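As provided, input24.pdb (PDB, C-alpha atoms, pLDDT in the B column) reads as follows.
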```
ATOM      1  CA  MET H   8     -33.801  25.952  58.170  1.00 53.00           C
ATOM      2  CA  THR H   9     -32.781  28.009  55.170  1.00 54.00           C
ATOM      3  CA  SER H  10     -29.200  27.919  56.343  1.00 55.00           C
ATOM      4  CA  LEU H  11     -29.329  24.098  56.528  1.00 50.00           C
ATOM      5  CA  LEU H  12     -30.921  24.001  53.103  1.00 47.00           C
ATOM      6  CA  SER H  13     -28.273  26.297  51.622  1.00 53.00           C
ATOM      7  CA  ARG H  14     -25.501  24.221  53.227  1.00 56.00           C
ATOM      8  CA  CYS H  15     -26.935  21.031  51.714  1.00 47.00           C
ATOM      9  CA  PHE H  16     -27.236  22.733  48.350  1.00 49.00           C
ATOM     10  CA  CYS H  17     -23.575  23.876  48.538  1.00 48.00           C
ATOM     11  CA  CYS H  18     -22.439  20.357  49.494  1.00 49.00           C
ATOM     12  CA  ILE H  19     -24.355  18.846  46.574  1.00 49.00           C
ATOM     13  CA  LEU H  20     -22.970  21.479  44.208  1.00 43.00           C
ATOM     14  CA  ILE H  21     -19.374  20.907  45.383  1.00 48.00           C
ATOM     15  CA  SER H  22     -19.820  17.118  45.153  1.00 48.00           C
ATOM     16  CA  ALA H  23     -21.145  17.456  41.617  1.00 47.00           C
ATOM     17  CA  ILE H  24     -18.218  19.648  40.535  1.00 46.00           C
ATOM     18  CA  VAL H  25     -15.657  17.350  42.145  1.00 47.00           C
ATOM     19  CA  GLY H  26     -17.415  14.316  40.670  1.00 50.00           C
ATOM     20  CA  CYS H  27     -17.260  15.803  37.174  1.00 47.00           C
ATOM     21  CA  SER H  28     -13.580  16.508  37.440  1.00 43.00           C
ATOM     22  CA  VAL H  29     -12.908  12.947  38.592  1.00 41.00           C
ATOM     23  CA  THR H  30     -14.882  11.638  35.630  1.00 40.00           C
ATOM     24  CA  PHE H  31     -12.921  13.940  33.311  1.00 42.00           C
ATOM     25  CA  ASN H  32      -9.642  12.501  34.616  1.00 44.00           C
ATOM     26  CA  SER H  33     -10.660   9.082  33.408  1.00 49.00           C
ATOM     27  CA  SER H  34      -9.660   6.815  30.582  1.00 47.00           C
ATOM     28  CA  GLN H  35     -11.390   9.123  28.061  1.00 48.00           C
ATOM     29  CA  TYR H  36      -9.090  11.952  29.101  1.00 50.00           C
ATOM     30  CA  GLU H  37      -6.032   9.715  28.855  1.00 55.00           C
ATOM     31  CA  PHE H  38      -7.154   8.490  25.431  1.00 49.00           C
ATOM     32  CA  VAL H  39      -7.483  12.049  24.093  1.00 50.00           C
ATOM     33  CA  ARG H  40      -4.215  13.081  25.754  1.00 52.00           C
ATOM     34  CA  ASP H  41      -2.411  10.126  24.141  1.00 54.00           C
ATOM     35  CA  LEU H  42      -3.907  10.970  20.739  1.00 48.00           C
ATOM     36  CA  LEU H  43      -2.526  14.489  20.979  1.00 53.00           C
ATOM     37  CA  ASP H  44       0.859  13.466  22.377  1.00 55.00           C
ATOM     38  CA  PHE H  45       2.889  13.578  19.150  1.00 50.00           C
ATOM     39  CA  GLY H  46       6.208  13.346  20.978  1.00 51.00           C
ATOM     40  CA  LYS H  47       5.522   9.787  22.020  1.00 54.00           C
ATOM     41  CA  ALA H  48       6.683   7.073  19.614  1.00 53.00           C
ATOM     42  CA  ASP H  49       3.866   4.805  18.478  1.00 54.00           C
ATOM     43  CA  LYS H  50       5.132   1.301  19.086  1.00 56.00           C
ATOM     44  CA  SER H  51       2.048  -0.223  17.493  1.00 61.00           C
ATOM     45  CA  ALA H  52       2.559   1.372  14.051  1.00 61.00           C
ATOM     46  CA  PRO H  53       2.384  -1.239  11.301  1.00 72.00           C
ATOM     47  CA  GLU H  54       5.497  -2.233   9.402  1.00 80.00           C
ATOM     48  CA  ALA H  55       5.626  -2.433   5.625  1.00 84.00           C
ATOM     49  CA  SER H  56       4.991  -6.025   4.609  1.00 90.00           C
ATOM     50  CA  TRP H  57       6.111  -5.923   0.946  1.00 95.00           C
ATOM     51  CA  GLU H  58       9.070  -4.473  -0.891  1.00 95.00           C
ATOM     52  CA  ILE H  59       9.719  -3.267  -4.416  1.00 96.00           C
ATOM     53  CA  ARG H  60      13.108  -3.987  -5.962  1.00 95.00           C
ATOM     54  CA  LEU H  61      14.470  -2.250  -9.024  1.00 92.00           C
ATOM     55  CA  GLN H  62      18.068  -2.984  -9.980  1.00 87.00           C
ATOM     56  CA  ASP H  63      20.093  -2.516  -6.757  1.00 86.00           C
ATOM     57  CA  ALA H  64      17.513  -0.417  -4.904  1.00 89.00           C
ATOM     58  CA  SER H  65      14.624  -1.568  -2.753  1.00 92.00           C
ATOM     59  CA  VAL H  66      11.845   0.211  -0.910  1.00 93.00           C
ATOM     60  CA  LYS H  67       9.340  -1.197   1.580  1.00 94.00           C
ATOM     61  CA  VAL H  68       5.653  -0.690   0.829  1.00 95.00           C
ATOM     62  CA  PHE H  69       2.214  -1.385   2.275  1.00 93.00           C
ATOM     63  CA  PRO H  70      -0.355  -3.294   0.190  1.00 94.00           C
ATOM     64  CA  VAL H  71      -3.714  -1.509   0.412  1.00 93.00           C
ATOM     65  CA  ASN H  72      -6.959  -2.777  -1.137  1.00 93.00           C
ATOM     66  CA  VAL H  73      -8.594   0.045  -3.104  1.00 94.00           C
ATOM     67  CA  GLY H  74     -11.724  -1.062  -4.906  1.00 94.00           C
ATOM     68  CA  THR H  75     -10.734  -4.001  -7.088  1.00 94.00           C
ATOM     69  CA  GLU H  76      -7.016  -3.107  -7.053  1.00 95.00           C
ATOM     70  CA  VAL H  77      -4.114  -3.472  -4.669  1.00 95.00           C
ATOM     71  CA  TRP H  78      -2.040  -0.331  -4.280  1.00 95.00           C
ATOM     72  CA  PHE H  79       1.484  -0.830  -2.986  1.00 95.00           C
ATOM     73  CA  SER H  80       2.117   2.429  -1.161  1.00 94.00           C
ATOM     74  CA  GLY H  81       5.421   3.791   0.132  1.00 92.00           C
ATOM     75  CA  ASP H  82       7.051   7.022   1.230  1.00 90.00           C
ATOM     76  CA  ASN H  83       6.931  10.282  -0.727  1.00 88.00           C
ATOM     77  CA  GLY H  84       3.771   9.420  -2.661  1.00 91.00           C
ATOM     78  CA  LEU H  85       5.129   6.202  -4.188  1.00 93.00           C
ATOM     79  CA  ILE H  86       2.291   3.979  -5.409  1.00 95.00           C
ATOM     80  CA  VAL H  87       2.295   0.932  -7.664  1.00 97.00           C
ATOM     81  CA  LYS H  88      -1.228  -0.129  -8.703  1.00 97.00           C
ATOM     82  CA  PHE H  89      -1.991  -3.768  -9.454  1.00 97.00           C
ATOM     83  CA  ASN H  90      -5.398  -4.895 -10.759  1.00 96.00           C
ATOM     84  CA  GLY H  91      -4.971  -8.642 -10.256  1.00 94.00           C
ATOM     85  CA  TRP H  92      -3.341  -9.274 -13.640  1.00 95.00           C
ATOM     86  CA  GLN H  93      -1.404  -6.132 -14.549  1.00 96.00           C
ATOM     87  CA  VAL H  94       0.520  -3.325 -12.922  1.00 97.00           C
ATOM     88  CA  THR H  95      -1.519  -0.405 -14.263  1.00 97.00           C
ATOM     89  CA  GLU H  96       0.329   2.594 -12.852  1.00 96.00           C
ATOM     90  CA  ALA H  97       3.587   3.491 -11.122  1.00 96.00           C
ATOM     91  CA  ILE H  98       3.706   6.848  -9.328  1.00 95.00           C
ATOM     92  CA  TYR H  99       7.025   8.310  -8.117  1.00 92.00           C
ATOM     93  CA  LEU H 100       8.740   4.940  -8.506  1.00 93.00           C
ATOM     94  CA  LEU H 101      11.433   5.853 -11.012  1.00 89.00           C
ATOM     95  CA  PRO H 102      13.940   8.708 -10.860  1.00 83.00           C
ATOM     96  CA  ASN H 103      12.652  11.974 -12.352  1.00 77.00           C
ATOM     97  CA  SER H 104       9.223  10.543 -13.061  1.00 79.00           C
ATOM     98  CA  GLY H 105       5.741  11.300 -11.872  1.00 88.00           C
ATOM     99  CA  SER H 106       3.033   8.926 -13.002  1.00 94.00           C
ATOM    100  CA  ILE H 107       3.587   6.177 -15.561  1.00 95.00           C
ATOM    101  CA  SER H 108       0.408   4.564 -16.862  1.00 96.00           C
ATOM    102  CA  ILE H 109       0.494   1.050 -18.233  1.00 97.00           C
ATOM    103  CA  GLY H 110      -2.461   0.145 -20.389  1.00 95.00           C
ATOM    104  CA  ILE H 111      -3.333  -3.053 -22.180  1.00 93.00           C
ATOM    105  CA  GLU H 112      -6.021  -3.393 -24.780  1.00 94.00           C
ATOM    106  CA  LYS H 113      -6.374  -6.391 -27.092  1.00 91.00           C
ATOM    107  CA  LEU H 114      -2.895  -7.575 -25.996  1.00 93.00           C
ATOM    108  CA  GLN H 115      -1.298  -4.223 -26.947  1.00 97.00           C
ATOM    109  CA  MET H 116       0.567  -2.871 -23.891  1.00 97.00           C
ATOM    110  CA  THR H 117       1.367   0.843 -23.820  1.00 97.00           C
ATOM    111  CA  PHE H 118       3.457   2.935 -21.438  1.00 96.00           C
ATOM    112  CA  GLU H 119       2.602   6.631 -21.038  1.00 96.00           C
ATOM    113  CA  ALA H 120       3.971   9.426 -18.861  1.00 92.00           C
ATOM    114  CA  GLU H 121       2.286  12.828 -18.737  1.00 86.00           C
ATOM    115  CA  ARG H 122       0.256  11.890 -21.877  1.00 85.00           C
ATOM    116  CA  GLU H 123       3.470  11.121 -23.779  1.00 92.00           C
ATOM    117  CA  MET H 124       3.762   7.671 -25.356  1.00 95.00           C
ATOM    118  CA  LEU H 125       6.909   5.965 -24.050  1.00 94.00           C
ATOM    119  CA  GLY H 126       6.552   2.636 -25.790  1.00 95.00           C
ATOM    120  CA  SER H 127       4.246  -0.042 -27.101  1.00 96.00           C
ATOM    121  CA  PHE H 128       4.531  -3.843 -26.958  1.00 97.00           C
ATOM    122  CA  LEU H 129       2.517  -6.758 -28.253  1.00 97.00           C
ATOM    123  CA  CYS H 130       1.816  -9.275 -25.467  1.00 97.00           C
ATOM    124  CA  ALA H 131       0.741 -12.899 -25.568  1.00 97.00           C
ATOM    125  CA  ASN H 132      -2.079 -14.275 -23.453  1.00 96.00           C
ATOM    126  CA  TRP H 133      -1.151 -15.310 -19.918  1.00 97.00           C
ATOM    127  CA  GLU H 134       0.014 -18.897 -19.523  1.00 97.00           C
ATOM    128  CA  SER H 135       0.403 -20.866 -16.304  1.00 97.00           C
ATOM    129  CA  LEU H 136       3.163 -23.226 -15.276  1.00 96.00           C
ATOM    130  CA  LYS H 137       3.172 -25.555 -12.275  1.00 96.00           C
ATOM    131  CA  LEU H 138       6.489 -25.301 -10.425  1.00 95.00           C
ATOM    132  CA  ALA H 139       8.329 -28.001  -8.443  1.00 95.00           C
ATOM    133  CA  ASP H 140       7.242 -26.474  -5.098  1.00 94.00           C
ATOM    134  CA  ASN H 141       3.564 -26.763  -6.231  1.00 94.00           C
ATOM    135  CA  SER H 142       3.303 -23.010  -6.691  1.00 95.00           C
ATOM    136  CA  THR H 143       1.967 -21.632  -9.973  1.00 97.00           C
ATOM    137  CA  LEU H 144       3.764 -19.153 -12.199  1.00 97.00           C
ATOM    138  CA  PHE H 145       1.628 -17.062 -14.526  1.00 98.00           C
ATOM    139  CA  ARG H 146       3.687 -15.486 -17.290  1.00 97.00           C
ATOM    140  CA  GLN H 147       2.997 -13.090 -20.120  1.00 97.00           C
ATOM    141  CA  ASP H 148       5.544 -12.677 -22.928  1.00 97.00           C
ATOM    142  CA  CYS H 149       5.722  -9.208 -24.498  1.00 97.00           C
ATOM    143  CA  GLY H 150       7.863  -7.688 -27.231  1.00 96.00           C
ATOM    144  CA  ASN H 151       8.089  -5.044 -29.921  1.00 94.00           C
ATOM    145  CA  GLY H 152      10.773  -6.364 -32.275  1.00 90.00           C
ATOM    146  CA  SER H 153      13.675  -4.655 -30.517  1.00 92.00           C
ATOM    147  CA  GLU H 154      12.962  -5.624 -26.894  1.00 93.00           C
ATOM    148  CA  ASP H 155      11.293  -8.588 -25.205  1.00 96.00           C
ATOM    149  CA  PHE H 156      10.266  -9.031 -21.581  1.00 97.00           C
ATOM    150  CA  VAL H 157       8.118 -11.300 -19.435  1.00 98.00           C
ATOM    151  CA  ASN H 158       5.605 -10.213 -16.790  1.00 98.00           C
ATOM    152  CA  GLU H 159       5.167 -12.798 -14.020  1.00 98.00           C
ATOM    153  CA  ILE H 160       2.807 -13.509 -11.140  1.00 97.00           C
ATOM    154  CA  LYS H 161       3.812 -16.279  -8.742  1.00 97.00           C
ATOM    155  CA  VAL H 162       1.072 -17.809  -6.587  1.00 97.00           C
ATOM    156  CA  ASP H 163       1.953 -20.100  -3.686  1.00 95.00           C
ATOM    157  CA  ILE H 164       0.261 -23.383  -2.823  1.00 94.00           C
ATOM    158  CA  SER H 165      -2.288 -21.604  -0.575  1.00 95.00           C
ATOM    159  CA  GLY H 166      -3.413 -19.354  -3.457  1.00 94.00           C
ATOM    160  CA  SER H 167      -1.678 -16.179  -2.239  1.00 93.00           C
ATOM    161  CA  ILE H 168       0.472 -14.072  -4.528  1.00 95.00           C
ATOM    162  CA  SER H 169       4.095 -14.528  -3.491  1.00 95.00           C
ATOM    163  CA  SER H 170       5.789 -12.299  -6.083  1.00 96.00           C
ATOM    164  CA  LEU H 171       5.159  -9.997  -9.026  1.00 97.00           C
ATOM    165  CA  ARG H 172       7.656  -9.118 -11.786  1.00 97.00           C
ATOM    166  CA  PHE H 173       6.480  -6.415 -14.159  1.00 97.00           C
ATOM    167  CA  LYS H 174       7.789  -3.941 -16.676  1.00 96.00           C
ATOM    168  CA  VAL H 175       6.679  -0.409 -15.710  1.00 96.00           C
ATOM    169  CA  HIS H 176       8.803   1.624 -18.147  1.00 94.00           C
ATOM    170  CA  PRO H 177      10.392   0.662 -21.489  1.00 93.00           C
ATOM    171  CA  ASP H 178      13.803   2.096 -20.487  1.00 92.00           C
ATOM    172  CA  TYR H 179      14.074   0.257 -17.143  1.00 93.00           C
ATOM    173  CA  PRO H 180      14.297  -3.399 -16.129  1.00 94.00           C
ATOM    174  CA  ARG H 181      11.319  -5.125 -14.543  1.00 96.00           C
ATOM    175  CA  ILE H 182      10.409  -4.410 -10.942  1.00 96.00           C
ATOM    176  CA  LEU H 183      10.056  -7.198  -8.390  1.00 97.00           C
ATOM    177  CA  LEU H 184       7.355  -6.969  -5.710  1.00 96.00           C
ATOM    178  CA  GLU H 185       7.451  -9.547  -2.932  1.00 95.00           C
ATOM    179  CA  PRO H 186       6.663  -9.915   0.759  1.00 94.00           C
ATOM    180  CA  VAL H 187       9.347  -8.779   3.190  1.00 90.00           C
ATOM    181  CA  LEU H 188      11.142 -11.744   4.716  1.00 79.00           C
ATOM    182  CA  LYS H 189      11.111 -11.659   8.503  1.00 66.00           C
TER     183      LYS H 189
END
```

This entry written out as structure tokens:
Amino acid sequence: MTSLLSRCFCCILISAIVGCSVTFNSSQYEFVRDLLDFGKADKSAPEASWEIRLQDASVKVFPVNVGTEVWFSGDNGLIVKFNGWQVTEAIYLLPNSGSISIGIEKLQMTFEAEREMLGSFLCANWESLKLADNSTLFRQDCGNGSEDFVNEIKVDISGSISSLRFKVHPDYPRILLEPVLK
């Protein structure tokens, strides 16, 4: 009787071990294996949906909501921060530059890099213009006596931003941010 009991116990033990290994070779195992398989190309990786243009160069970026801002993020730490009305910072966007902060207080726009003042401009209040395609163009005229520029936000008929044109450094032309055409 003890031999029959020990045989049953061994069969149950073997079945349990085999059962566990079958469970381990399940979809959970494949999921973890796929997570750790860095050699495999991820075909579901998102594509950048916006691009930044400056003169003849362009770079694709991802818009990311961060708090109340949209950060347009690209390779090598590139970030352009937009708060809904102003580009407030450009990081690694321009050659030989780190972070450029753009501040506006009482219509006085300032550009700073590494706590060094790069320039200051007096800006008008935003004005809106209805365009022929029923989109709306918001524009802000800025100047300092020797240079003038216009910041622009274009909003399509559905209320979505379709392009941004902003000055991010006094020595460079405006940047253009717009969705990538597919």

> Which residues come within 12 Å of Ala64 (chain H), counting only C-alpha atoms, excluding same-chain residues fewer than 5 positions away, as a PyMOL selection string?
Replying inline: chain H and resi 58-59+100-102+182-183

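Excluding Cys149 (chain H) itself and any same-chain residue fewer than 2 positions from it, the protein and nucleic acid residues within 8 Å of it, counting only C-alpha atoms, are Phe128, Leu129, Cys130, Ala131, Gln147, Asn151, Asp155, Phe156, Val157 and Asn158 of chain H.
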
> Just so the selection is clear, what residues does the PyMOL selection byres ((chain H and resi 109) around 6) cover here, as a VMD selection string?
Replying inline: chain H and resid 95 to 96 108 110 117 to 118

> Hey, what comes out of the PyMOL selection byres ((chain H and resi 140-142) around 10) on this file? Could you write it as a list in words?
Replying inline: Leu136, Lys137, Leu138, Ala139, Thr143, Leu144, Phe145, Lys161, Val162, Asp163, Ile164, Ser165, Gly166, Ser167, Ile168 and Ser169 of chain H

Please write the residues from the selection above to a file, keeping C-alpha atoms, as a CSV table (one decimal), in the frame of the given file.
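Generated file (result.csv):
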```csv
chain,number,residue,atom,x,y,z
H,136,LEU,CA,3.2,-23.2,-15.3
H,137,LYS,CA,3.2,-25.6,-12.3
H,138,LEU,CA,6.5,-25.3,-10.4
H,139,ALA,CA,8.3,-28.0,-8.4
H,143,THR,CA,2.0,-21.6,-10.0
H,144,LEU,CA,3.8,-19.2,-12.2
H,145,PHE,CA,1.6,-17.1,-14.5
H,161,LYS,CA,3.8,-16.3,-8.7
H,162,VAL,CA,1.1,-17.8,-6.6
H,163,ASP,CA,2.0,-20.1,-3.7
H,164,ILE,CA,0.3,-23.4,-2.8
H,165,SER,CA,-2.3,-21.6,-0.6
H,166,GLY,CA,-3.4,-19.4,-3.5
H,167,SER,CA,-1.7,-16.2,-2.2
H,168,ILE,CA,0.5,-14.1,-4.5
H,169,SER,CA,4.1,-14.5,-3.5
```

> How many Å separate CA of Leu188 (chain H) from CA of Phe89 (chain H)?
Replying inline: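 CA of Leu188 (chain H) sits 20.9 Å away from CA of Phe89 (chain H).
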
>> Applying the PyMOL selection byres ((chain H and resi 67-72) around 9) to the file I just gave you, which residues come out? Please list them as a ChimeraX atom specification.
In response: /H:54-60,65-66,73-82,85-86,187

Taking every listed atom of region 136-144 of chain H and adding 4 Å to each side, what centre and edge lengths in Å (one decimal) does the axis-aligned box have, as lines of an AutoDock Vina configuration file?
```
center_x = 5.1
center_y = -23.6
center_z = -10.2
size_x = 14.4
size_y = 16.8
size_z = 18.2
```

> In Å, with one decimal, what is the gap from CA of Gly150 (chain H) to CA of Glu119 (chain H)?
Replying inline: 16.5 Å

>> As an exercise, work out the distance from CA of Gln93 (chain H) to CA of Gly105 (chain H) in Å and give it to one decimal place.
In response: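 That distance, rounded to one decimal, is 19.0 Å.
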
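Take the candidates H:Gly152, H:Lys174, H:Arg146, H:Gly84 and check each one against Ser104 (chain H) using only C-alpha atoms; the shortest distance goes to H:Gly84.
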